[in-house]
$ cat upload.cif   # mmCIF, C-alpha atoms and all ligand atoms
data_data
loop_
_atom_site.group_PDB
_atom_site.id
_atom_site.type_symbol
_atom_site.label_atom_id
_atom_site.label_comp_id
_atom_site.auth_asym_id
_atom_site.auth_seq_id
_atom_site.Cartn_x
_atom_site.Cartn_y
_atom_site.Cartn_z
ATOM 1 C CA MET D 966 38.379 -18.291 -32.008
ATOM 2 C CA SER D 967 41.200 -16.111 -30.700
ATOM 3 C CA ASN D 968 43.674 -14.638 -33.174
ATOM 4 C CA LYS D 969 46.511 -16.198 -31.205
ATOM 5 C CA ILE D 970 46.307 -19.762 -29.919
ATOM 6 C CA TRP D 971 48.633 -21.869 -27.767
ATOM 7 C CA ILE D 972 49.156 -25.443 -28.861
ATOM 8 C CA GLY D 973 51.406 -27.717 -26.900
ATOM 9 C CA THR D 974 52.052 -31.041 -25.352
ATOM 10 C CA ASN D 975 52.961 -32.465 -22.008
ATOM 11 C CA TRP D 976 55.134 -35.510 -22.625
ATOM 12 C CA LYS D 977 54.456 -36.803 -19.103
ATOM 13 C CA MET D 978 56.794 -39.757 -18.383
ATOM 14 C CA THR D 979 57.009 -41.041 -21.933
ATOM 15 C CA LYS D 980 59.861 -40.019 -24.202
ATOM 16 C CA THR D 981 63.508 -40.899 -23.583
ATOM 17 C CA LEU D 982 66.086 -38.310 -24.558
ATOM 18 C CA LYS D 983 66.714 -40.026 -27.886
ATOM 19 C CA GLU D 984 63.012 -40.199 -28.698
ATOM 20 C CA GLY D 985 62.483 -36.652 -27.546
ATOM 21 C CA LEU D 986 65.278 -35.298 -29.724
ATOM 22 C CA ALA D 987 63.956 -37.053 -32.831
ATOM 23 C CA TYR D 988 60.481 -35.652 -32.145
ATOM 24 C CA THR D 989 61.783 -32.145 -31.536
ATOM 25 C CA GLU D 990 63.819 -32.140 -34.738
ATOM 26 C CA GLU D 991 60.654 -32.876 -36.693
ATOM 27 C CA LEU D 992 58.688 -30.252 -34.793
ATOM 28 C CA ASN D 993 61.439 -27.674 -35.421
ATOM 29 C CA GLU D 994 61.049 -28.209 -39.155
ATOM 30 C CA LEU D 995 57.289 -28.140 -38.968
ATOM 31 C CA SER D 996 57.261 -24.971 -36.868
ATOM 32 C CA LYS D 997 58.836 -23.041 -39.766
ATOM 33 C CA LYS D 998 55.691 -23.624 -41.801
ATOM 34 C CA VAL D 999 53.118 -23.044 -39.081
ATOM 35 C CA SER D 1000 51.333 -19.678 -38.796
ATOM 36 C CA SER D 1001 52.813 -17.248 -36.319
ATOM 37 C CA ASN D 1002 49.307 -17.019 -34.802
ATOM 38 C CA ILE D 1003 50.024 -20.435 -33.308
ATOM 39 C CA GLU D 1004 52.359 -20.455 -30.304
ATOM 40 C CA LEU D 1005 53.946 -23.878 -29.949
ATOM 41 C CA PHE D 1006 55.239 -25.439 -26.752
ATOM 42 C CA ILE D 1007 56.559 -28.767 -25.541
ATOM 43 C CA ILE D 1008 56.989 -29.929 -21.974
ATOM 44 C CA PRO D 1009 59.614 -32.701 -21.828
ATOM 45 C CA SER D 1010 60.910 -34.629 -18.835
ATOM 46 C CA HIS D 1011 63.609 -32.972 -16.750
ATOM 47 C CA THR D 1012 66.286 -35.305 -18.120
ATOM 48 C CA ALA D 1013 65.701 -34.023 -21.655
ATOM 49 C CA LEU D 1014 65.388 -30.297 -20.931
ATOM 50 C CA ILE D 1015 68.973 -29.194 -21.552
ATOM 51 C CA PRO D 1016 69.506 -30.802 -24.990
ATOM 52 C CA ILE D 1017 65.979 -30.007 -26.110
ATOM 53 C CA HIS D 1018 66.358 -26.404 -25.042
ATOM 54 C CA GLU D 1019 69.567 -26.239 -27.097
ATOM 55 C CA LEU D 1020 67.926 -27.872 -30.087
ATOM 56 C CA THR D 1021 65.085 -25.348 -30.055
ATOM 57 C CA SER D 1022 67.186 -22.288 -29.242
ATOM 58 C CA LYS D 1023 66.809 -20.929 -32.773
ATOM 59 C CA SER D 1024 63.205 -21.991 -33.209
ATOM 60 C CA ARG D 1025 59.958 -20.485 -31.985
ATOM 61 C CA ILE D 1026 59.039 -23.467 -29.843
ATOM 62 C CA HIS D 1027 58.620 -22.651 -26.146
ATOM 63 C CA ILE D 1028 60.002 -25.148 -23.657
ATOM 64 C CA GLY D 1029 58.534 -25.929 -20.279
ATOM 65 C CA ALA D 1030 59.226 -28.211 -17.333
ATOM 66 C CA GLN D 1031 56.610 -30.514 -15.832
ATOM 67 C CA ASN D 1032 57.146 -29.591 -12.200
ATOM 68 C CA MET D 1033 59.503 -27.867 -9.767
ATOM 69 C CA HIS D 1034 59.879 -27.163 -6.072
ATOM 70 C CA TRP D 1035 59.151 -23.661 -4.773
ATOM 71 C CA GLU D 1036 62.333 -23.319 -2.709
ATOM 72 C CA GLU D 1037 65.567 -21.987 -4.210
ATOM 73 C CA GLU D 1038 67.540 -24.929 -2.810
ATOM 74 C CA GLY D 1039 67.613 -27.268 0.135
ATOM 75 C CA ALA D 1040 67.288 -30.788 1.487
ATOM 76 C CA TYR D 1041 64.481 -31.938 -0.830
ATOM 77 C CA THR D 1042 65.700 -35.195 -2.340
ATOM 78 C CA GLY D 1043 64.453 -35.815 -5.839
ATOM 79 C CA GLU D 1044 63.235 -32.279 -6.407
ATOM 80 C CA VAL D 1045 64.357 -29.635 -8.904
ATOM 81 C CA SER D 1046 64.494 -25.949 -7.962
ATOM 82 C CA PRO D 1047 63.530 -22.838 -9.936
ATOM 83 C CA ARG D 1048 67.196 -21.737 -9.956
ATOM 84 C CA MET D 1049 68.168 -24.963 -11.672
ATOM 85 C CA LEU D 1050 65.487 -24.519 -14.320
ATOM 86 C CA GLU D 1051 66.371 -20.870 -14.840
ATOM 87 C CA GLU D 1052 69.935 -21.925 -15.567
ATOM 88 C CA ILE D 1053 68.624 -24.132 -18.378
ATOM 89 C CA GLY D 1054 66.568 -21.254 -19.749
ATOM 90 C CA ILE D 1055 63.087 -22.769 -19.839
ATOM 91 C CA ASP D 1056 60.155 -20.502 -20.753
ATOM 92 C CA MET D 1057 57.251 -22.177 -18.995
ATOM 93 C CA ILE D 1058 56.531 -24.176 -15.890
ATOM 94 C CA GLU D 1059 53.591 -26.574 -15.829
ATOM 95 C CA LEU D 1060 52.064 -26.613 -12.354
ATOM 96 C CA GLY D 1061 49.365 -28.644 -10.659
ATOM 97 C CA HIS D 1062 48.689 -31.227 -13.342
ATOM 98 C CA SER D 1063 45.978 -33.615 -12.112
ATOM 99 C CA GLU D 1064 48.453 -36.514 -12.090
ATOM 100 C CA ARG D 1065 50.657 -34.555 -9.669
ATOM 101 C CA ARG D 1066 47.624 -33.786 -7.525
ATOM 102 C CA GLN D 1067 46.348 -37.373 -7.671
ATOM 103 C CA TYR D 1068 49.548 -39.404 -7.217
ATOM 104 C CA TYR D 1069 51.763 -36.981 -5.275
ATOM 105 C CA ASN D 1070 49.087 -35.184 -3.255
ATOM 106 C CA GLU D 1071 49.935 -31.747 -4.569
ATOM 107 C CA ASN D 1072 47.470 -29.172 -3.379
ATOM 108 C CA ASP D 1073 46.471 -25.656 -4.385
ATOM 109 C CA ARG D 1074 48.495 -23.998 -1.600
ATOM 110 C CA GLU D 1075 51.683 -25.667 -2.796
ATOM 111 C CA ILE D 1076 50.859 -24.847 -6.388
ATOM 112 C CA ASN D 1077 50.423 -21.222 -5.336
ATOM 113 C CA LYS D 1078 53.947 -21.201 -3.841
ATOM 114 C CA LYS D 1079 55.252 -22.664 -7.078
ATOM 115 C CA VAL D 1080 53.411 -20.034 -9.125
ATOM 116 C CA HIS D 1081 55.146 -17.291 -7.127
ATOM 117 C CA ALA D 1082 58.522 -19.011 -7.435
ATOM 118 C CA GLY D 1083 58.036 -19.466 -11.183
ATOM 119 C CA LEU D 1084 57.073 -15.833 -11.682
ATOM 120 C CA SER D 1085 60.051 -14.581 -9.715
ATOM 121 C CA HIS D 1086 62.321 -16.586 -12.009
ATOM 122 C CA GLY D 1087 60.711 -15.242 -15.166
ATOM 123 C CA PHE D 1088 58.820 -18.397 -16.180
ATOM 124 C CA THR D 1089 55.283 -18.476 -17.503
ATOM 125 C CA PRO D 1090 53.324 -20.643 -15.080
ATOM 126 C CA LEU D 1091 50.854 -22.934 -16.848
ATOM 127 C CA VAL D 1092 48.457 -23.600 -13.991
ATOM 128 C CA CYS D 1093 46.373 -26.745 -14.415
ATOM 129 C CA ILE D 1094 42.969 -27.023 -12.797
ATOM 130 C CA GLY D 1095 39.970 -29.300 -13.214
ATOM 131 C CA GLU D 1096 37.240 -31.114 -11.344
ATOM 132 C CA ASN D 1097 37.242 -34.868 -10.831
ATOM 133 C CA LEU D 1098 34.363 -37.215 -11.638
ATOM 134 C CA GLU D 1099 32.944 -37.257 -8.126
ATOM 135 C CA GLN D 1100 32.901 -33.467 -8.003
ATOM 136 C CA LYS D 1101 31.260 -33.333 -11.422
ATOM 137 C CA ASN D 1102 28.602 -35.846 -10.357
ATOM 138 C CA ASN D 1103 27.919 -33.822 -7.230
ATOM 139 C CA ASN D 1104 27.387 -30.711 -9.356
ATOM 140 C CA ILE D 1105 30.157 -28.788 -7.643
ATOM 141 C CA SER D 1106 32.461 -28.366 -10.665
ATOM 142 C CA LYS D 1107 32.159 -24.584 -10.692
ATOM 143 C CA GLU D 1108 32.801 -24.271 -6.968
ATOM 144 C CA VAL D 1109 35.868 -26.503 -7.321
ATOM 145 C CA LEU D 1110 37.219 -24.560 -10.296
ATOM 146 C CA ALA D 1111 36.658 -21.199 -8.613
ATOM 147 C CA ALA D 1112 38.433 -22.391 -5.460
ATOM 148 C CA GLN D 1113 41.376 -23.878 -7.385
ATOM 149 C CA LEU D 1114 41.784 -20.694 -9.382
ATOM 150 C CA LYS D 1115 41.624 -18.427 -6.337
ATOM 151 C CA VAL D 1116 44.040 -20.424 -4.208
ATOM 152 C CA CYS D 1117 46.533 -21.165 -7.007
ATOM 153 C CA LEU D 1118 46.616 -17.455 -7.929
ATOM 154 C CA LYS D 1119 46.514 -16.093 -4.376
ATOM 155 C CA ASP D 1120 48.541 -12.859 -4.063
ATOM 156 C CA VAL D 1121 49.479 -12.898 -7.741
ATOM 157 C CA THR D 1122 49.216 -9.238 -8.778
ATOM 158 C CA LYS D 1123 47.485 -7.866 -11.851
ATOM 159 C CA GLU D 1124 50.863 -7.129 -13.346
ATOM 160 C CA GLU D 1125 52.252 -10.611 -12.634
ATOM 161 C CA VAL D 1126 49.170 -12.389 -13.921
ATOM 162 C CA THR D 1127 49.857 -11.118 -17.436
ATOM 163 C CA LYS D 1128 52.509 -13.890 -17.551
ATOM 164 C CA VAL D 1129 50.202 -16.655 -16.315
ATOM 165 C CA MET D 1130 48.329 -19.199 -18.424
ATOM 166 C CA VAL D 1131 45.603 -21.511 -17.163
ATOM 167 C CA ALA D 1132 44.810 -24.995 -18.463
ATOM 168 C CA TYR D 1133 41.368 -26.400 -17.732
ATOM 169 C CA GLU D 1134 41.684 -30.162 -17.727
ATOM 170 C CA PRO D 1135 38.693 -32.056 -16.311
ATOM 171 C CA VAL D 1136 40.275 -34.999 -14.491
ATOM 172 C CA TRP D 1137 37.684 -37.436 -15.860
ATOM 173 C CA ALA D 1138 38.667 -36.520 -19.428
ATOM 174 C CA ILE D 1139 42.424 -37.084 -19.076
ATOM 175 C CA GLY D 1140 44.423 -40.099 -20.227
ATOM 176 C CA GLU D 1141 43.717 -43.682 -21.347
ATOM 177 C CA ASN D 1142 40.538 -44.010 -19.282
ATOM 178 C CA GLY D 1143 39.399 -40.460 -19.938
ATOM 179 C CA ILE D 1144 36.075 -39.663 -21.563
ATOM 180 C CA PRO D 1145 36.296 -36.733 -24.001
ATOM 181 C CA ALA D 1146 34.199 -33.796 -22.799
ATOM 182 C CA ASP D 1147 31.324 -32.422 -24.866
ATOM 183 C CA ALA D 1148 32.161 -29.131 -26.531
ATOM 184 C CA THR D 1149 29.139 -27.510 -24.849
ATOM 185 C CA TYR D 1150 30.449 -28.557 -21.436
ATOM 186 C CA VAL D 1151 33.871 -27.131 -22.265
ATOM 187 C CA ALA D 1152 32.335 -23.889 -23.545
ATOM 188 C CA GLU D 1153 30.387 -23.456 -20.318
ATOM 189 C CA ALA D 1154 33.388 -24.207 -18.117
ATOM 190 C CA HIS D 1155 35.647 -21.816 -20.037
ATOM 191 C CA ALA D 1156 33.042 -19.040 -19.957
ATOM 192 C CA PHE D 1157 32.814 -19.543 -16.191
ATOM 193 C CA LEU D 1158 36.610 -19.483 -15.780
ATOM 194 C CA ARG D 1159 36.824 -16.340 -17.874
ATOM 195 C CA GLN D 1160 34.212 -14.686 -15.710
ATOM 196 C CA GLN D 1161 36.175 -15.673 -12.569
ATOM 197 C CA LEU D 1162 39.407 -14.300 -14.004
ATOM 198 C CA VAL D 1163 37.700 -11.026 -14.907
ATOM 199 C CA GLU D 1164 36.279 -10.798 -11.380
ATOM 200 C CA LEU D 1165 39.769 -11.302 -9.983
ATOM 201 C CA TYR D 1166 41.763 -9.164 -12.414
ATOM 202 C CA GLY D 1167 39.382 -6.966 -14.408
ATOM 203 C CA GLU D 1168 40.329 -6.385 -18.045
ATOM 204 C CA THR D 1169 43.654 -8.146 -17.489
ATOM 205 C CA GLY D 1170 41.724 -11.306 -16.616
ATOM 206 C CA ALA D 1171 40.055 -11.213 -20.019
ATOM 207 C CA LYS D 1172 43.454 -11.641 -21.661
ATOM 208 C CA ILE D 1173 44.833 -14.602 -19.679
ATOM 209 C CA PRO D 1174 45.210 -17.554 -22.085
ATOM 210 C CA LEU D 1175 42.795 -20.344 -21.147
ATOM 211 C CA LEU D 1176 43.821 -23.687 -22.602
ATOM 212 C CA PHE D 1177 41.759 -26.840 -22.738
ATOM 213 C CA GLY D 1178 43.129 -30.349 -22.235
ATOM 214 C CA GLY D 1179 41.958 -33.906 -21.708
ATOM 215 C CA SER D 1180 41.604 -36.458 -24.521
ATOM 216 C CA VAL D 1181 42.019 -33.807 -27.201
ATOM 217 C CA ASN D 1182 42.309 -35.817 -30.406
ATOM 218 C CA LEU D 1183 42.021 -35.670 -34.180
ATOM 219 C CA GLU D 1184 38.252 -35.996 -34.012
ATOM 220 C CA ASN D 1185 37.498 -33.293 -31.461
ATOM 221 C CA PHE D 1186 40.281 -30.655 -31.481
ATOM 222 C CA MET D 1187 38.564 -28.458 -34.056
ATOM 223 C CA GLU D 1188 35.355 -28.255 -32.064
ATOM 224 C CA TYR D 1189 37.264 -27.245 -28.932
ATOM 225 C CA ILE D 1190 39.484 -24.623 -30.525
ATOM 226 C CA LYS D 1191 36.478 -22.870 -32.039
ATOM 227 C CA ILE D 1192 35.009 -22.185 -28.588
ATOM 228 C CA GLU D 1193 35.189 -18.496 -27.745
ATOM 229 C CA ASP D 1194 37.110 -18.728 -24.477
ATOM 230 C CA VAL D 1195 39.409 -21.562 -25.519
ATOM 231 C CA ASN D 1196 42.734 -19.920 -26.359
ATOM 232 C CA GLY D 1197 44.702 -23.079 -26.878
ATOM 233 C CA LEU D 1198 44.957 -26.832 -26.460
ATOM 234 C CA PHE D 1199 47.090 -28.782 -24.038
ATOM 235 C CA ILE D 1200 47.470 -32.195 -25.623
ATOM 236 C CA GLY D 1201 48.814 -35.498 -24.348
ATOM 237 C CA ARG D 1202 48.550 -38.687 -26.367
ATOM 238 C CA ALA D 1203 47.388 -37.169 -29.659
ATOM 239 C CA ALA D 1204 50.516 -35.014 -29.826
ATOM 240 C CA TRP D 1205 53.082 -37.616 -28.741
ATOM 241 C CA ASN D 1206 52.807 -39.200 -32.132
ATOM 242 C CA MET D 1207 54.274 -36.755 -34.633
ATOM 243 C CA ASP D 1208 51.990 -37.869 -37.467
ATOM 244 C CA SER D 1209 48.862 -37.086 -35.545
ATOM 245 C CA PHE D 1210 50.306 -33.835 -34.119
ATOM 246 C CA LYS D 1211 51.245 -32.791 -37.663
ATOM 247 C CA GLN D 1212 47.684 -33.314 -38.851
ATOM 248 C CA ILE D 1213 46.349 -31.248 -35.971
ATOM 249 C CA LEU D 1214 48.807 -28.435 -36.668
ATOM 250 C CA HIS D 1215 48.160 -28.421 -40.417
ATOM 251 C CA ARG D 1216 44.430 -28.151 -39.888
ATOM 252 C CA LEU D 1217 44.816 -25.395 -37.307
ATOM 253 C CA ASP D 1218 47.187 -23.599 -39.634
ATOM 254 C CA ASP D 1219 44.475 -23.609 -42.306
ATOM 255 C CA LEU D 1220 42.282 -21.580 -39.965
ATOM 256 C CA PHE D 1221 44.767 -18.697 -40.211
ATOM 257 C CA ALA D 1222 45.454 -18.966 -43.926
HETATM 258 P P1 LIG V 1 45.607 -36.685 -22.872
HETATM 259 O O1 LIG V 1 45.447 -35.763 -24.048
HETATM 260 O O2 LIG V 1 46.447 -37.876 -23.189
HETATM 261 O O3 LIG V 1 44.273 -37.049 -22.263
HETATM 262 O O4 LIG V 1 46.416 -35.881 -21.754
HETATM 263 C C1 LIG V 1 46.125 -34.545 -21.549
HETATM 264 C C2 LIG V 1 46.990 -33.972 -20.512
HETATM 265 O O5 LIG V 1 47.078 -34.475 -19.404
HETATM 266 C C3 LIG V 1 47.776 -32.756 -20.851
HETATM 267 O O6 LIG V 1 48.425 -32.260 -19.737
#

$ encode --input "upload.cif" --output "structure tokens"
Amino acid sequence: MSNKIWIGTNWKMTKTLKEGLAYTEELNELSKKVSSNIELFIIPSHTALIPIHELTSKSRIHIGAQNMHWEEEGAYTGEVSPRMLEEIGIDMIELGHSERRQYYNENDREINKKVHAGLSHGFTPLVCIGENLEQKNNNISKEVLAAQLKVCLKDVTKEEVTKVMVAYEPVWAIGENGIPADATYVAEAHAFLRQQLVELYGETGAKIPLLFGGSVNLENFMEYIKIEDVNGLFIGRAAWNMDSFKQILHRLDDLFA
């Protein structure tokens, strides 16, 4: 296990502002007791970013947004630009989540533009990649992951990539209908991703945080976090409920005691 791990949650389209504030207040308190080896982050909806950023301004919780456009401004109805997010003061930008790829047809080339835009505004891009069930069944998971990684990180320099984090989220493992992945499968995928990152960036690639996500829950999180190349967990449902997130954090905290 790494000596620093990233643990965070993507709220997707769930919490209202009121619900999000109540959750964040509890997490603020909890974060004071959690080991500094654990980096905490939450990724609320755009509507909650400003108040939640204010609420966490004195805490160690990192705040991210779930998506953004790559242009500075323009006629893109319904979109939010990097300038707007920089004004709020977010730390991270989640890019290329499988739900964005699946329902809004986001592709790796667009994600790459967003990665560059995020970096130029000082955000940490959290780049999400993962194969879908058909790709897995056709035994092309590694080819898919290598291609996603290469295109999403195209023209990102060695220096810039020190700010990037990658989340491996097999599409078939995510959400209500997701099937949790075996730890051995995750270990193999992460070792492969690490090898790809090292091929692309040398020693710098060995240090890029690689997070795992997809049906992470109270039963399986410990197995995943103990995998050598898993440097964090990107959690959905099991972290939306503060009681279950608390249990996960307490048990992870014990690992650093
Ligand atoms: P679940 O943990 O609910 O499967 O969601 C994971 C996820 O999509 C994190 O981005």

$ closest_atom_pairs --input "upload.cif" --of "chain D" --to "ligand LIG 1 (chain V)" --cutoff "7 Å" --atoms "all atoms listed in the file" --output "JSON lines"
{"residue": "D:Thr974", "atom": "CA", "partner": "V:LIG1", "partner_atom": "C3", "distance": 6.4}
{"residue": "D:Asn975", "atom": "CA", "partner": "V:LIG1", "partner_atom": "O6", "distance": 5.1}
{"residue": "D:His1062", "atom": "CA", "partner": "V:LIG1", "partner_atom": "O6", "distance": 6.5}
{"residue": "D:Ala1138", "atom": "CA", "partner": "V:LIG1", "partner_atom": "O3", "distance": 6.3}
{"residue": "D:Ile1139", "atom": "CA", "partner": "V:LIG1", "partner_atom": "O3", "distance": 3.7}
{"residue": "D:Gly1140", "atom": "CA", "partner": "V:LIG1", "partner_atom": "O3", "distance": 3.7}
{"residue": "D:Glu1141", "atom": "CA", "partner": "V:LIG1", "partner_atom": "O2", "distance": 6.7}
{"residue": "D:Gly1143", "atom": "CA", "partner": "V:LIG1", "partner_atom": "O3", "distance": 6.4}
{"residue": "D:Gly1178", "atom": "CA", "partner": "V:LIG1", "partner_atom": "C1", "distance": 5.2}
{"residue": "D:Gly1179", "atom": "CA", "partner": "V:LIG1", "partner_atom": "O3", "distance": 3.9}
{"residue": "D:Ser1180", "atom": "CA", "partner": "V:LIG1", "partner_atom": "O3", "distance": 3.5}
{"residue": "D:Val1181", "atom": "CA", "partner": "V:LIG1", "partner_atom": "O1", "distance": 5.1}
{"residue": "D:Phe1199", "atom": "CA", "partner": "V:LIG1", "partner_atom": "C3", "distance": 5.1}
{"residue": "D:Ile1200", "atom": "CA", "partner": "V:LIG1", "partner_atom": "O1", "distance": 4.4}
{"residue": "D:Gly1201", "atom": "CA", "partner": "V:LIG1", "partner_atom": "O1", "distance": 3.4}
{"residue": "D:Arg1202", "atom": "CA", "partner": "V:LIG1", "partner_atom": "O2", "distance": 3.9}
{"residue": "D:Ala1203", "atom": "CA", "partner": "V:LIG1", "partner_atom": "O1", "distance": 6.1}

$ atom_distance --input "upload.cif" --atom1 "CA of Val1136 in chain D" --atom2 "CA of Gln1067 in chain D"
9.4 Å

$ axis_aligned_box --input "upload.cif" --around "range 990-1001 of chain D" --padding-each-side "4 Å" --output "JSON"
{"center_x": 57.6, "center_y": -25.1, "center_z": -38.3, "size_x": 20.5, "size_y": 23.6, "size_z": 15.1}

$ closest_residue --input "upload.cif" --among "D:Asp1218, D:Glu991, D:Val1131, D:Ala1171" --to "Gly1197 in chain D" --atoms "all atoms listed in the file"
D:Val1131

$ resolve_selection --input "upload.cif" --expression "the PyMOL selection byres (((chain D and resi 1155) around 9) and not hetatm)" --output "ChimeraX atom specification"
/D:1133,1150-1154,1156-1160,1175-1177,1192-1195

$ resolve_selection --input "upload.cif" --expression "the PyMOL selection byres (((chain D and resi 1045-1048) around 7) and not hetatm)" --output "PyMOL selection string"
chain D and resi 1033-1038+1043-1044+1049-1052+1082-1083+1086

$ atom_distance --input "upload.cif" --atom1 "CA of Thr1042 in chain D" --atom2 "CA of Lys983 in chain D"
26.0 Å

$ resolve_selection --input "upload.cif" --expression "the PyMOL selection byres (((chain D and resi 1119) around 12) and not hetatm)" --output "list of chain:residue names"
D:Asp1073, D:Arg1074, D:Glu1075, D:Ile1076, D:Asn1077, D:Lys1078, D:Lys1079, D:Val1080, D:His1081, D:Ala1111, D:Ala1112, D:Gln1113, D:Leu1114, D:Lys1115, D:Val1116, D:Cys1117, D:Leu1118, D:Asp1120, D:Val1121, D:Thr1122, D:Lys1123, D:Glu1125, D:Val1126, D:Leu1165, D:Tyr1166

$ atom_distance --input "upload.cif" --atom1 "CA of Lys969 in chain D" --atom2 "CA of Ser1001 in chain D"
8.2 Å

$ closest_residue --input "upload.cif" --among "D:Lys1191, D:Lys980, D:His1027, D:His1011" --to "Ser967 in chain D" --atoms "all atoms listed in the file"
D:Lys1191

$ closest_residue --input "upload.cif" --among "D:Met1130, D:Val999, D:Val1109, D:Ile1015" --to "Met1057 in chain D" --atoms "only C-alpha atoms"
D:Met1130

$ residues_around --input "upload.cif" --residues "Gln1100 in chain D" --least-positions-apart "6" --cutoff "12 Å" --atoms "only C-alpha atoms" --output "PyMOL selection string"
chain D and resi 1106-1110+1135-1137

$ closest_residue --input "upload.cif" --among "D:Gly985, D:Glu1004, D:Tyr1041, D:Tyr1069" --to "Ile1017 in chain D" --atoms "only C-alpha atoms"
D:Gly985

$ residues_around --input "upload.cif" --residues "Asp1208 in chain D" --least-positions-apart "6" --cutoff "12 Å" --atoms "all atoms listed in the file" --output "list in words"
Tyr988, Glu991, Leu992, Leu995, Leu1183, Arg1202, Leu1214 and His1215 of chain D

$ residues_around --input "upload.cif" --residues "Gly1029 in chain D" --least-positions-apart "4" --cutoff "7 Å" --atoms "only C-alpha atoms" --output "number ranges by chain"
D: 1007-1008, 1055-1059

$ residues_near_point --input "upload.cif" --point "(58.3, -21.0, -34.7)" --cutoff "12 Å" --atoms "all atoms listed in the file" --output "PDB file with C-alpha atoms, keeping the file's coordinate frame"
ATOM      1  CA  TRP D 971      48.633 -21.869 -27.767  1.00  0.00           C
ATOM      2  CA  ILE D 972      49.156 -25.443 -28.861  1.00  0.00           C
ATOM      3  CA  LEU D 992      58.688 -30.252 -34.793  1.00  0.00           C
ATOM      4  CA  ASN D 993      61.439 -27.674 -35.421  1.00  0.00           C
ATOM      5  CA  GLU D 994      61.049 -28.209 -39.155  1.00  0.00           C
ATOM      6  CA  LEU D 995      57.289 -28.140 -38.968  1.00  0.00           C
ATOM      7  CA  SER D 996      57.261 -24.971 -36.868  1.00  0.00           C
ATOM      8  CA  LYS D 997      58.836 -23.041 -39.766  1.00  0.00           C
ATOM      9  CA  LYS D 998      55.691 -23.624 -41.801  1.00  0.00           C
ATOM     10  CA  VAL D 999      53.118 -23.044 -39.081  1.00  0.00           C
ATOM     11  CA  SER D1000      51.333 -19.678 -38.796  1.00  0.00           C
ATOM     12  CA  SER D1001      52.813 -17.248 -36.319  1.00  0.00           C
ATOM     13  CA  ASN D1002      49.307 -17.019 -34.802  1.00  0.00           C
ATOM     14  CA  ILE D1003      50.024 -20.435 -33.308  1.00  0.00           C
ATOM     15  CA  GLU D1004      52.359 -20.455 -30.304  1.00  0.00           C
ATOM     16  CA  LEU D1005      53.946 -23.878 -29.949  1.00  0.00           C
ATOM     17  CA  PHE D1006      55.239 -25.439 -26.752  1.00  0.00           C
ATOM     18  CA  THR D1021      65.085 -25.348 -30.055  1.00  0.00           C
ATOM     19  CA  SER D1022      67.186 -22.288 -29.242  1.00  0.00           C
ATOM     20  CA  LYS D1023      66.809 -20.929 -32.773  1.00  0.00           C
ATOM     21  CA  SER D1024      63.205 -21.991 -33.209  1.00  0.00           C
ATOM     22  CA  ARG D1025      59.958 -20.485 -31.985  1.00  0.00           C
ATOM     23  CA  ILE D1026      59.039 -23.467 -29.843  1.00  0.00           C
ATOM     24  CA  HIS D1027      58.620 -22.651 -26.146  1.00  0.00           C
ATOM     25  CA  ILE D1028      60.002 -25.148 -23.657  1.00  0.00           C
TER      26      ILE D1028
END

$ closest_residue --input "upload.cif" --among "D:Met978, D:Ala987, D:Ile1053, D:Cys1093" --to "Pro1009 in chain D" --atoms "all atoms listed in the file"
D:Met978

$ residues_around --input "upload.cif" --residues "Lys1172 in chain D" --least-positions-apart "2" --cutoff "9 Å" --atoms "only C-alpha atoms" --output "VMD selection string"
chain D and resid 1127 1159 1163 1168 to 1170 1174 to 1175

$ write_last_selection --input "upload.cif" --atoms "C-alpha atoms" --output "mmCIF file, keeping the file's coordinate frame"
data_model
loop_
_atom_site.group_PDB
_atom_site.id
_atom_site.type_symbol
_atom_site.label_atom_id
_atom_site.label_comp_id
_atom_site.auth_asym_id
_atom_site.auth_seq_id
_atom_site.Cartn_x
_atom_site.Cartn_y
_atom_site.Cartn_z
ATOM 1 C CA THR D 1127 49.857 -11.118 -17.436
ATOM 2 C CA ARG D 1159 36.824 -16.340 -17.874
ATOM 3 C CA VAL D 1163 37.700 -11.026 -14.907
ATOM 4 C CA GLU D 1168 40.329 -6.385 -18.045
ATOM 5 C CA THR D 1169 43.654 -8.146 -17.489
ATOM 6 C CA GLY D 1170 41.724 -11.306 -16.616
ATOM 7 C CA PRO D 1174 45.210 -17.554 -22.085
ATOM 8 C CA LEU D 1175 42.795 -20.344 -21.147
#

$ closest_residue --input "upload.cif" --among "D:Thr989, D:Ala1132, D:Glu1124, D:Leu1020" --to "Asn1196 in chain D" --atoms "only C-alpha atoms"
D:Ala1132

$ residues_around --input "upload.cif" --residues "Glu1071 in chain D" --least-positions-apart "6" --cutoff "9 Å" --atoms "only C-alpha atoms" --output "ChimeraX atom specification"
/D:1061-1063,1065
